[in-house]
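Below: input01.pdb (PDB, C-alpha atoms and all ligand atoms)
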```pdb
ATOM      1  CA  MET J 624      11.519 -27.571   6.270
ATOM      2  CA  LEU J 625       8.758 -27.472   3.689
ATOM      3  CA  ASN J 626       9.300 -24.188   1.869
ATOM      4  CA  TYR J 627       9.682 -22.846  -1.654
ATOM      5  CA  ARG J 628      13.458 -23.311  -1.787
ATOM      6  CA  ASN J 629      13.431 -26.894  -0.523
ATOM      7  CA  THR J 630      10.521 -27.772  -2.795
ATOM      8  CA  ASN J 631      12.497 -26.485  -5.775
ATOM      9  CA  ILE J 632      15.586 -28.450  -4.728
ATOM     10  CA  PHE J 633      13.552 -31.622  -4.241
ATOM     11  CA  PHE J 634      11.839 -31.341  -7.601
ATOM     12  CA  ALA J 635      15.042 -30.404  -9.422
ATOM     13  CA  LEU J 636      16.599 -33.600  -8.038
ATOM     14  CA  SER J 637      13.494 -35.543  -9.028
ATOM     15  CA  ILE J 638      13.807 -34.285 -12.590
ATOM     16  CA  VAL J 639      17.498 -35.234 -12.720
ATOM     17  CA  ILE J 640      16.650 -38.742 -11.466
ATOM     18  CA  THR J 641      13.846 -39.029 -14.030
ATOM     19  CA  LEU J 642      16.197 -37.935 -16.812
ATOM     20  CA  LEU J 643      18.755 -40.513 -15.688
ATOM     21  CA  LEU J 644      16.057 -43.197 -15.661
ATOM     22  CA  LEU J 645      14.974 -42.105 -19.136
ATOM     23  CA  TYR J 646      18.566 -42.342 -20.331
ATOM     24  CA  PHE J 647      19.394 -45.740 -18.865
ATOM     25  CA  PHE J 648      16.050 -47.508 -19.086
ATOM     26  CA  ASP J 649      13.558 -47.891 -21.827
ATOM     27  CA  ILE J 650      10.665 -45.939 -20.279
ATOM     28  CA  SER J 651       8.331 -43.370 -21.754
ATOM     29  CA  TRP J 652       9.344 -39.687 -21.489
ATOM     30  CA  TRP J 653       5.840 -39.045 -20.222
ATOM     31  CA  TRP J 654       7.119 -40.067 -16.799
ATOM     32  CA  SER J 655       9.087 -36.850 -16.624
ATOM     33  CA  LEU J 656       5.813 -34.918 -16.613
ATOM     34  CA  LEU J 657       4.587 -36.821 -13.600
ATOM     35  CA  TRP J 658       6.588 -34.528 -11.321
ATOM     36  CA  LEU J 659       4.781 -31.435 -12.496
ATOM     37  CA  ILE J 660       1.500 -32.320 -10.793
ATOM     38  CA  PRO J 661       2.790 -32.624  -7.209
ATOM     39  CA  TYR J 662       5.041 -29.599  -7.835
ATOM     40  CA  GLN J 663       2.106 -27.441  -8.895
ATOM     41  CA  LEU J 664       0.080 -28.716  -5.948
ATOM     42  CA  MET J 665       2.890 -27.786  -3.553
ATOM     43  CA  ILE J 666       3.149 -24.266  -5.037
ATOM     44  CA  ALA J 667      -0.624 -23.828  -4.810
ATOM     45  CA  TYR J 668      -0.628 -24.981  -1.189
ATOM     46  CA  GLY J 669       2.291 -22.671  -0.306
ATOM     47  CA  SER J 670       0.617 -19.675  -1.973
ATOM     48  CA  ALA J 671      -2.758 -20.136  -0.329
ATOM     49  CA  THR J 672      -1.516 -21.009   3.160
ATOM     50  CA  ILE J 673       0.207 -18.053   4.764
ATOM     51  CA  ARG J 674       0.886 -20.076   7.929
ATOM     52  CA  ALA J 675       2.959 -22.570   5.917
ATOM     53  CA  ASN J 676       5.782 -19.963   5.740
ATOM     54  CA  PHE J 677       6.391 -21.355   2.288
ATOM     55  CA  PHE J 678       7.708 -18.270   0.493
ATOM     56  CA  LEU J 679       8.471 -16.057   3.486
ATOM     57  CA  LYS J 680       8.194 -15.979   7.234
ATOM     58  CA  SER J 681       4.774 -14.816   8.376
ATOM     59  CA  TYR J 682       3.727 -13.920  11.886
ATOM     60  CA  ILE J 683       0.514 -15.715  12.704
ATOM     61  CA  LYS J 684       0.468 -16.224  16.454
ATOM     62  CA  GLY J 685       1.876 -14.598  19.573
ATOM     63  CA  ASN J 686       3.248 -15.774  22.879
ATOM     64  CA  THR J 687       1.119 -18.731  23.965
ATOM     65  CA  SER J 688       2.207 -18.608  27.612
ATOM     66  CA  LEU J 689       0.242 -15.429  28.392
ATOM     67  CA  PRO J 690      -3.583 -15.280  28.546
ATOM     68  CA  GLN J 691      -3.764 -12.773  25.694
ATOM     69  CA  VAL J 692      -5.253 -12.566  22.210
ATOM     70  CA  ALA J 693      -5.087  -9.862  19.526
ATOM     71  CA  ILE J 694      -7.772  -8.738  17.098
ATOM     72  CA  THR J 695      -7.239  -7.456  13.580
ATOM     73  CA  PHE J 696      -9.534  -5.915  10.967
ATOM     74  CA  ASP J 697      -8.922  -6.007   7.218
ATOM     75  CA  ASP J 698     -10.239  -4.085   4.207
ATOM     76  CA  GLY J 699     -11.156  -0.776   5.828
ATOM     77  CA  PRO J 700     -11.501   2.029   6.466
ATOM     78  CA  ASN J 701     -15.199   1.598   5.832
ATOM     79  CA  GLU J 702     -17.399   4.691   5.904
ATOM     80  CA  LYS J 703     -20.271   2.974   7.701
ATOM     81  CA  TYR J 704     -18.863   0.253   9.931
ATOM     82  CA  THR J 705     -15.398   1.400  10.988
ATOM     83  CA  PRO J 706     -16.687   4.385  13.057
ATOM     84  CA  ILE J 707     -19.196   2.112  14.869
ATOM     85  CA  LEU J 708     -16.452  -0.384  15.566
ATOM     86  CA  LEU J 709     -14.148   2.369  16.855
ATOM     87  CA  ASP J 710     -16.901   3.466  19.268
ATOM     88  CA  LEU J 711     -17.283  -0.115  20.490
ATOM     89  CA  LEU J 712     -13.542  -0.594  21.002
ATOM     90  CA  GLU J 713     -13.360   2.713  22.878
ATOM     91  CA  LYS J 714     -16.270   1.733  25.102
ATOM     92  CA  HIS J 715     -14.430  -1.439  26.145
ATOM     93  CA  GLN J 716     -10.963   0.147  26.034
ATOM     94  CA  VAL J 717      -9.681  -2.421  23.573
ATOM     95  CA  LYS J 718      -6.903  -1.734  21.061
ATOM     96  CA  ALA J 719      -6.822  -3.406  17.668
ATOM     97  CA  THR J 720      -4.913  -3.406  14.399
ATOM     98  CA  PHE J 721      -6.517  -2.190  11.170
ATOM     99  CA  PHE J 722      -5.015  -3.433   7.915
ATOM    100  CA  CYS J 723      -6.173  -0.656   5.614
ATOM    101  CA  ILE J 724      -6.486  -0.626   1.850
ATOM    102  CA  GLY J 725      -4.756   2.391   0.269
ATOM    103  CA  LYS J 726      -7.622   3.354  -2.031
ATOM    104  CA  HIS J 727      -9.994   3.353   0.953
ATOM    105  CA  ILE J 728      -7.567   5.547   2.902
ATOM    106  CA  ASP J 729      -7.824   8.056   0.023
ATOM    107  CA  LYS J 730     -11.584   8.155   0.525
ATOM    108  CA  TYR J 731     -11.755   8.246   4.320
ATOM    109  CA  PRO J 732      -8.527   9.732   5.703
ATOM    110  CA  GLU J 733     -10.303  11.114   8.771
ATOM    111  CA  ILE J 734     -11.231   7.599   9.902
ATOM    112  CA  VAL J 735      -7.580   6.538   9.703
ATOM    113  CA  LYS J 736      -6.569   9.558  11.768
ATOM    114  CA  ARG J 737      -9.187   8.637  14.334
ATOM    115  CA  MET J 738      -7.947   5.037  14.506
ATOM    116  CA  HIS J 739      -4.473   6.344  15.257
ATOM    117  CA  GLN J 740      -5.651   8.927  17.793
ATOM    118  CA  LYS J 741      -7.501   6.196  19.669
ATOM    119  CA  GLY J 742      -4.331   4.137  19.983
ATOM    120  CA  HIS J 743      -4.990   1.507  17.340
ATOM    121  CA  ILE J 744      -2.331   0.266  14.959
ATOM    122  CA  ILE J 745      -2.571   0.943  11.220
ATOM    123  CA  GLY J 746      -1.197  -1.775   8.950
ATOM    124  CA  ASN J 747      -0.768  -1.983   5.200
ATOM    125  CA  HIS J 748      -3.149  -4.167   3.178
ATOM    126  CA  SER J 749      -1.975  -3.063  -0.330
ATOM    127  CA  TYR J 750      -3.294  -0.121  -2.324
ATOM    128  CA  SER J 751      -5.727  -1.774  -4.718
ATOM    129  CA  HIS J 752      -6.518  -5.129  -3.061
ATOM    130  CA  SER J 753      -6.793  -6.225  -6.689
ATOM    131  CA  TYR J 754      -8.099  -9.680  -7.589
ATOM    132  CA  PHE J 755      -4.900  -9.957  -9.621
ATOM    133  CA  PHE J 756      -2.555  -8.907  -6.807
ATOM    134  CA  ASP J 757      -1.097 -12.412  -6.709
ATOM    135  CA  PHE J 758      -0.071 -12.082 -10.356
ATOM    136  CA  PHE J 759       1.690  -8.734  -9.952
ATOM    137  CA  PRO J 760       5.456  -8.655 -10.549
ATOM    138  CA  LYS J 761       7.737  -7.675  -7.676
ATOM    139  CA  ASN J 762       8.078  -4.010  -8.700
ATOM    140  CA  LYS J 763       4.343  -3.533  -8.917
ATOM    141  CA  VAL J 764       3.878  -5.066  -5.459
ATOM    142  CA  ILE J 765       6.600  -2.764  -4.093
ATOM    143  CA  LYS J 766       4.871   0.269  -5.645
ATOM    144  CA  GLU J 767       1.518  -0.662  -4.074
ATOM    145  CA  LEU J 768       2.994  -1.184  -0.630
ATOM    146  CA  GLN J 769       5.074   1.992  -0.780
ATOM    147  CA  LEU J 770       2.138   4.057  -1.987
ATOM    148  CA  THR J 771      -0.073   2.829   0.864
ATOM    149  CA  ASN J 772       2.675   3.339   3.434
ATOM    150  CA  ASN J 773       3.211   6.897   2.159
ATOM    151  CA  LYS J 774      -0.505   7.656   2.454
ATOM    152  CA  ILE J 775      -0.533   6.380   6.035
ATOM    153  CA  PHE J 776       2.610   8.374   6.823
ATOM    154  CA  GLU J 777       0.955  11.565   5.562
ATOM    155  CA  LEU J 778      -1.864  11.020   8.053
ATOM    156  CA  ILE J 779      -0.169   9.691  11.178
ATOM    157  CA  ASN J 780       3.476  10.615  10.661
ATOM    158  CA  GLN J 781       4.608   7.017  11.118
ATOM    159  CA  LYS J 782       5.478   4.325   8.602
ATOM    160  CA  PRO J 783       3.796   0.957   9.095
ATOM    161  CA  LEU J 784       5.859  -2.198   9.268
ATOM    162  CA  PHE J 785       2.918  -4.605   9.436
ATOM    163  CA  PHE J 786       1.683  -5.848   6.074
ATOM    164  CA  ARG J 787      -1.102  -8.334   5.570
ATOM    165  CA  PRO J 788      -1.175  -9.743   2.033
ATOM    166  CA  PRO J 789      -4.596  -9.441   0.323
ATOM    167  CA  TYR J 790      -6.427 -12.789   0.526
ATOM    168  CA  GLY J 791      -3.556 -14.054   2.685
ATOM    169  CA  VAL J 792      -1.815 -15.192  -0.471
ATOM    170  CA  THR J 793       1.969 -15.205  -0.673
ATOM    171  CA  ASN J 794       4.254 -15.916  -3.635
ATOM    172  CA  PRO J 795       7.832 -15.076  -4.714
ATOM    173  CA  PRO J 796       7.130 -11.459  -5.876
ATOM    174  CA  ILE J 797       5.265 -10.670  -2.631
ATOM    175  CA  ALA J 798       8.006 -12.312  -0.572
ATOM    176  CA  LYS J 799      10.688 -10.259  -2.368
ATOM    177  CA  ALA J 800       8.699  -7.015  -1.978
ATOM    178  CA  VAL J 801       8.187  -7.596   1.766
ATOM    179  CA  LYS J 802      11.899  -8.269   2.177
ATOM    180  CA  HIS J 803      12.897  -5.270   0.035
ATOM    181  CA  LEU J 804      10.781  -2.882   2.115
ATOM    182  CA  GLY J 805      11.734  -4.471   5.444
ATOM    183  CA  LEU J 806       8.122  -5.203   6.397
ATOM    184  CA  TYR J 807       6.655  -7.974   8.534
ATOM    185  CA  ALA J 808       4.154 -10.262   6.794
ATOM    186  CA  ILE J 809       1.279 -10.738   9.195
ATOM    187  CA  GLY J 810      -1.125 -13.667   9.028
ATOM    188  CA  TRP J 811      -3.593 -14.919  11.623
ATOM    189  CA  SER J 812      -4.234 -18.034  13.688
ATOM    190  CA  ILE J 813      -8.045 -17.770  13.739
ATOM    191  CA  ARG J 814     -10.050 -16.700  10.713
ATOM    192  CA  SER J 815     -13.620 -15.684  11.492
ATOM    193  CA  PHE J 816     -14.871 -15.928   7.892
ATOM    194  CA  ASP J 817     -17.034 -12.912   8.759
ATOM    195  CA  THR J 818     -17.376 -11.917   5.112
ATOM    196  CA  LYS J 819     -18.871 -15.296   4.269
ATOM    197  CA  VAL J 820     -20.781 -16.525   7.324
ATOM    198  CA  LYS J 821     -23.977 -14.565   7.884
ATOM    199  CA  ASP J 822     -25.297 -16.527  10.864
ATOM    200  CA  GLU J 823     -24.191 -15.212  14.266
ATOM    201  CA  GLU J 824     -23.956 -18.607  15.971
ATOM    202  CA  LYS J 825     -21.994 -20.150  13.131
ATOM    203  CA  LEU J 826     -19.670 -17.172  13.111
ATOM    204  CA  TRP J 827     -19.202 -17.472  16.862
ATOM    205  CA  GLN J 828     -18.292 -21.147  16.478
ATOM    206  CA  ASN J 829     -15.453 -20.114  14.175
ATOM    207  CA  ILE J 830     -13.824 -17.974  16.849
ATOM    208  CA  ALA J 831     -14.980 -19.470  20.173
ATOM    209  CA  LYS J 832     -11.984 -21.821  20.188
ATOM    210  CA  PHE J 833      -9.588 -18.903  20.804
ATOM    211  CA  THR J 834      -6.758 -19.517  23.188
ATOM    212  CA  SER J 835      -3.591 -17.772  24.428
ATOM    213  CA  GLY J 836      -1.537 -16.130  21.711
ATOM    214  CA  ASP J 837      -4.201 -16.221  19.034
ATOM    215  CA  VAL J 838      -4.423 -13.508  16.378
ATOM    216  CA  LEU J 839      -7.996 -13.191  15.130
ATOM    217  CA  LEU J 840      -8.947 -12.008  11.661
ATOM    218  CA  PHE J 841     -12.071  -9.911  11.065
ATOM    219  CA  HIS J 842     -13.206  -7.337   8.504
ATOM    220  CA  ASP J 843     -14.580  -3.906   9.482
ATOM    221  CA  THR J 844     -16.998  -4.112   6.589
ATOM    222  CA  ASN J 845     -20.227  -5.514   8.040
ATOM    223  CA  SER J 846     -22.563  -5.209  10.998
ATOM    224  CA  LEU J 847     -22.378  -8.835  12.150
ATOM    225  CA  THR J 848     -18.649  -8.424  12.768
ATOM    226  CA  ILE J 849     -19.346  -5.609  15.212
ATOM    227  CA  LYS J 850     -21.834  -7.785  17.084
ATOM    228  CA  ILE J 851     -19.478 -10.742  17.260
ATOM    229  CA  VAL J 852     -16.531  -8.592  18.341
ATOM    230  CA  GLU J 853     -18.506  -7.293  21.322
ATOM    231  CA  ARG J 854     -19.357 -10.876  22.241
ATOM    232  CA  LEU J 855     -15.682 -11.780  21.940
ATOM    233  CA  ILE J 856     -14.597  -8.882  24.163
ATOM    234  CA  LEU J 857     -16.994 -10.034  26.889
ATOM    235  CA  GLU J 858     -15.980 -13.691  26.533
ATOM    236  CA  VAL J 859     -12.277 -12.817  26.763
ATOM    237  CA  LYS J 860     -12.978 -11.038  30.069
ATOM    238  CA  LYS J 861     -15.047 -13.990  31.275
ATOM    239  CA  ARG J 862     -12.145 -16.342  30.621
ATOM    240  CA  GLN J 863      -9.894 -13.945  32.541
ATOM    241  CA  MET J 864      -7.854 -13.202  29.476
ATOM    242  CA  GLU J 865      -7.149  -9.868  27.807
ATOM    243  CA  ILE J 866      -7.058  -8.370  24.343
ATOM    244  CA  VAL J 867      -3.705  -6.771  23.612
ATOM    245  CA  ASN J 868      -2.534  -5.200  20.407
ATOM    246  CA  LEU J 869      -0.606  -6.985  17.699
ATOM    247  CA  ASP J 870       2.761  -5.353  18.432
ATOM    248  CA  LYS J 871       2.554  -6.566  22.016
ATOM    249  CA  ILE J 872       1.471 -10.131  21.289
ATOM    250  CA  LEU J 873       4.029 -10.548  18.486
ATOM    251  CA  GLN J 874       6.692  -8.458  20.251
ATOM    252  CA  LEU J 875       7.404  -6.508  17.083
ATOM    253  CA  ASN J 876       7.452  -2.785  16.310
ATOM    254  CA  ALA J 877       4.376  -1.692  14.387
ATOM    255  CA  TYR J 878       6.158   1.312  12.847
ATOM    256  CA  ALA J 879       9.621   2.079  11.481
TER
HETATM  257 ZN    ZN J 901      -8.435  -8.134   2.439
END
```
Encoded form using structure tokens:
Amino acid sequence: MLNYRNTNIFFALSIVITLLLLYFFDISWWWSLLWLIPYQLMIAYGSATIRANFFLKSYIKGNTSLPQVAITFDDGPNEKYTPILLDLLEKHQVKATFFCIGKHIDKYPEIVKRMHQKGHIIGNHSYSHSYFFDFFPKNKVIKELQLTNNKIFELINQKPLFFRPPYGVTNPPIAKAVKHLGLYAIGWSIRSFDTKVKDEEKLWQNIAKFTSGDVLLFHDTNSLTIKIVERLILEVKKRQMEIVNLDKILQLNAYA
């Protein structure tokens, strides 16, 4: 399997072979550096691709034998858009998972309470969502995740087990922190790119391919998302499928 451990073993062996070649044959030592490029490329790929399960196991898709999909929203709670989205979900009786940022929870605790009261799942999306999150050492990652989980616990009296890494990036410190805290790393199988795509049709094309077991990624931070989510809800019904929540589609407990 292509993961961090096996990559390290493979490249360690490669270095040993290169050193042996350097010892027995008259070749330039520059050859030993040749391994660094593919190694760095592998690490970069593993970090950026949560579905690769490179550093840790991530849950990206549910049971594909049932006509069900799940929807998830990152980066909230948002003062303006989350309440509108909650109204929409209530109108259609759809449950979703919200991966909240700790510092936003501090600002809008009432919205988090409302999410919970309406039967949605609250997940952890770090405290700071810092641009440098991927460079944090293990202990700092642990602190962020614990802090956010404690904030959520204060509001809903339950401790989240679902964690979605900011930017979907994983690395050894994040992997160790997730393991240390006994959390589940949650990815996605369909990314809407709703923070980048501003054209409704183009955005729809990104998600229209949904099929059984898919976990869709949105952000409750803009108005186009709300529009596209309503379209999705109607299309799911049309295809005689249903939207279930993440714990059901992944068959995992959302809280400890
Ligand atoms: Zn995010």
Each residue of chain J lying at most 6 Å from ligand ZN 901 (chain J) should get a row with its shortest atom-to-atom pair and the distance in Å to one decimal, counting only C-alpha atoms and all ligand atoms; could you produce that, ordered by chain and increasing number, as JSON lines?
```
{"residue": "J:Asp697", "atom": "CA", "partner": "J:ZN901", "partner_atom": "ZN", "distance": 5.3}
{"residue": "J:Asp698", "atom": "CA", "partner": "J:ZN901", "partner_atom": "ZN", "distance": 4.8}
{"residue": "J:Pro789", "atom": "CA", "partner": "J:ZN901", "partner_atom": "ZN", "distance": 4.6}
{"residue": "J:Tyr790", "atom": "CA", "partner": "J:ZN901", "partner_atom": "ZN", "distance": 5.4}
```
Counting only C-alpha atoms, which residue out of J:Ile775, J:Ala719, J:Leu712, J:Leu625 sits closest to Tyr750 of chain J? J:Ile775
Could the residues of segment 653-693 of chain J that have an atom at most 9 Å from segment 797-814 of chain J be listed as a tab-separated table, each with its closest atom pair and the distance in Å to one decimal, counting all atoms listed in the file and ordered by chain and ascending residue number?
```
residue	atom	partner	partner_atom	distance
J:Ile673	CA	J:Gly810	CA	6.3
J:Arg674	CA	J:Gly810	CA	6.8
J:Phe678	CA	J:Ala798	CA	6.1
J:Leu679	CA	J:Ala798	CA	5.5
J:Lys680	CA	J:Ala808	CA	7.0
J:Ser681	CA	J:Ala808	CA	4.9
J:Tyr682	CA	J:Ile809	CA	4.8
J:Ile683	CA	J:Trp811	CA	4.3
J:Lys684	CA	J:Ser812	CA	5.7
```
The selected residues should be written to file as a compact mmCIF listing (two decimals), in the coordinates of the input (atoms: C-alpha atoms).
```txt
# COMPACT_ATOMS: atom_id res chain seq x y z
CA ILE J 673 0.21 -18.05 4.76
CA ARG J 674 0.89 -20.08 7.93
CA PHE J 678 7.71 -18.27 0.49
CA LEU J 679 8.47 -16.06 3.49
CA LYS J 680 8.19 -15.98 7.23
CA SER J 681 4.77 -14.82 8.38
CA TYR J 682 3.73 -13.92 11.89
CA ILE J 683 0.51 -15.72 12.70
CA LYS J 684 0.47 -16.22 16.45
```
Run the PyMOL selection byres (((chain J and resi 848) around 12) and not hetatm) mentally over the shown coordinates, then write out the matched residues as an MDAnalysis selection string, using the chain letters and numbers from the document. chainID J and resid 694:697 704:705 707:708 711 815:824 826:827 830 839:847 849:855
How far is it from atom CA of Leu656 of chain J to atom CA of Phe759 of chain J, in Å with one decimal?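 Atom CA of Phe759 of chain J lies at a distance of 27.3 Å from atom CA of Leu656 of chain J.
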Write out all heavy atoms for segment 845-855 of chain J, as a short mmCIF file (atom, residue, chain, number, x, y, z; two decimals), in the frame of the given file.
```cif
data_model
loop_
_atom_site.label_atom_id
_atom_site.label_comp_id
_atom_site.auth_asym_id
_atom_site.auth_seq_id
_atom_site.Cartn_x
_atom_site.Cartn_y
_atom_site.Cartn_z
N ASN J 845 -18.82 -5.10 7.89
CA ASN J 845 -20.23 -5.51 8.04
C ASN J 845 -20.69 -5.47 9.50
O ASN J 845 -19.87 -5.46 10.42
CB ASN J 845 -20.48 -6.89 7.41
CG ASN J 845 -19.79 -7.99 8.15
OD1 ASN J 845 -20.29 -8.48 9.14
ND2 ASN J 845 -18.61 -8.40 7.68
N SER J 846 -22.00 -5.44 9.67
CA SER J 846 -22.56 -5.21 11.00
C SER J 846 -22.44 -6.43 11.91
O SER J 846 -22.29 -6.29 13.13
CB SER J 846 -24.03 -4.80 10.89
OG SER J 846 -24.75 -5.79 10.19
N LEU J 847 -22.47 -7.62 11.33
CA LEU J 847 -22.38 -8.84 12.15
C LEU J 847 -21.01 -8.92 12.86
O LEU J 847 -20.91 -9.38 14.00
CB LEU J 847 -22.63 -10.08 11.28
CG LEU J 847 -22.78 -11.40 12.02
CD1 LEU J 847 -23.87 -11.32 13.08
CD2 LEU J 847 -23.10 -12.53 11.04
N THR J 848 -19.99 -8.43 12.17
CA THR J 848 -18.65 -8.42 12.77
C THR J 848 -18.66 -7.63 14.07
O THR J 848 -18.10 -8.06 15.09
CB THR J 848 -17.62 -7.81 11.79
OG1 THR J 848 -17.58 -8.63 10.62
CG2 THR J 848 -16.24 -7.72 12.40
N ILE J 849 -19.33 -6.48 14.04
CA ILE J 849 -19.35 -5.61 15.21
C ILE J 849 -20.03 -6.32 16.38
O ILE J 849 -19.55 -6.29 17.52
CB ILE J 849 -20.02 -4.27 14.86
CG1 ILE J 849 -19.12 -3.53 13.84
CG2 ILE J 849 -20.23 -3.40 16.10
CD1 ILE J 849 -19.79 -2.43 13.10
N LYS J 850 -21.11 -7.01 16.08
CA LYS J 850 -21.83 -7.78 17.08
C LYS J 850 -20.94 -8.88 17.69
O LYS J 850 -20.87 -9.05 18.91
CB LYS J 850 -23.03 -8.47 16.40
CG LYS J 850 -24.37 -8.12 16.98
CD LYS J 850 -25.43 -8.83 16.18
CE LYS J 850 -26.73 -8.86 16.94
NZ LYS J 850 -27.76 -9.55 16.16
N ILE J 851 -20.27 -9.59 16.82
CA ILE J 851 -19.48 -10.74 17.26
C ILE J 851 -18.23 -10.28 18.02
O ILE J 851 -17.77 -10.94 18.94
CB ILE J 851 -19.13 -11.65 16.05
CG1 ILE J 851 -19.15 -13.13 16.47
CG2 ILE J 851 -17.83 -11.36 15.41
CD1 ILE J 851 -20.48 -13.74 16.56
N VAL J 852 -17.71 -9.11 17.65
CA VAL J 852 -16.53 -8.59 18.34
C VAL J 852 -16.90 -8.20 19.78
O VAL J 852 -16.14 -8.45 20.71
CB VAL J 852 -15.89 -7.41 17.55
CG1 VAL J 852 -14.89 -6.65 18.41
CG2 VAL J 852 -15.20 -7.93 16.31
N GLU J 853 -18.10 -7.63 19.96
CA GLU J 853 -18.51 -7.29 21.32
C GLU J 853 -18.65 -8.58 22.16
O GLU J 853 -18.22 -8.63 23.31
CB GLU J 853 -19.81 -6.49 21.34
CG GLU J 853 -20.19 -6.09 22.77
CD GLU J 853 -21.00 -4.80 22.84
OE1 GLU J 853 -21.89 -4.62 21.99
OE2 GLU J 853 -20.73 -3.98 23.76
N ARG J 854 -19.22 -9.59 21.55
CA ARG J 854 -19.36 -10.88 22.24
C ARG J 854 -17.97 -11.45 22.61
O ARG J 854 -17.78 -11.97 23.71
CB ARG J 854 -20.10 -11.84 21.30
CG ARG J 854 -20.66 -13.05 22.00
CD ARG J 854 -21.68 -13.73 21.10
NE ARG J 854 -21.82 -15.11 21.51
CZ ARG J 854 -22.58 -16.00 20.88
NH1 ARG J 854 -23.25 -15.65 19.80
NH2 ARG J 854 -22.65 -17.23 21.31
N LEU J 855 -17.05 -11.30 21.69
CA LEU J 855 -15.68 -11.78 21.94
C LEU J 855 -15.03 -11.02 23.10
O LEU J 855 -14.42 -11.64 23.98
CB LEU J 855 -14.83 -11.61 20.66
CG LEU J 855 -13.35 -11.94 20.82
CD1 LEU J 855 -13.15 -13.45 20.96
CD2 LEU J 855 -12.54 -11.42 19.64
#
```
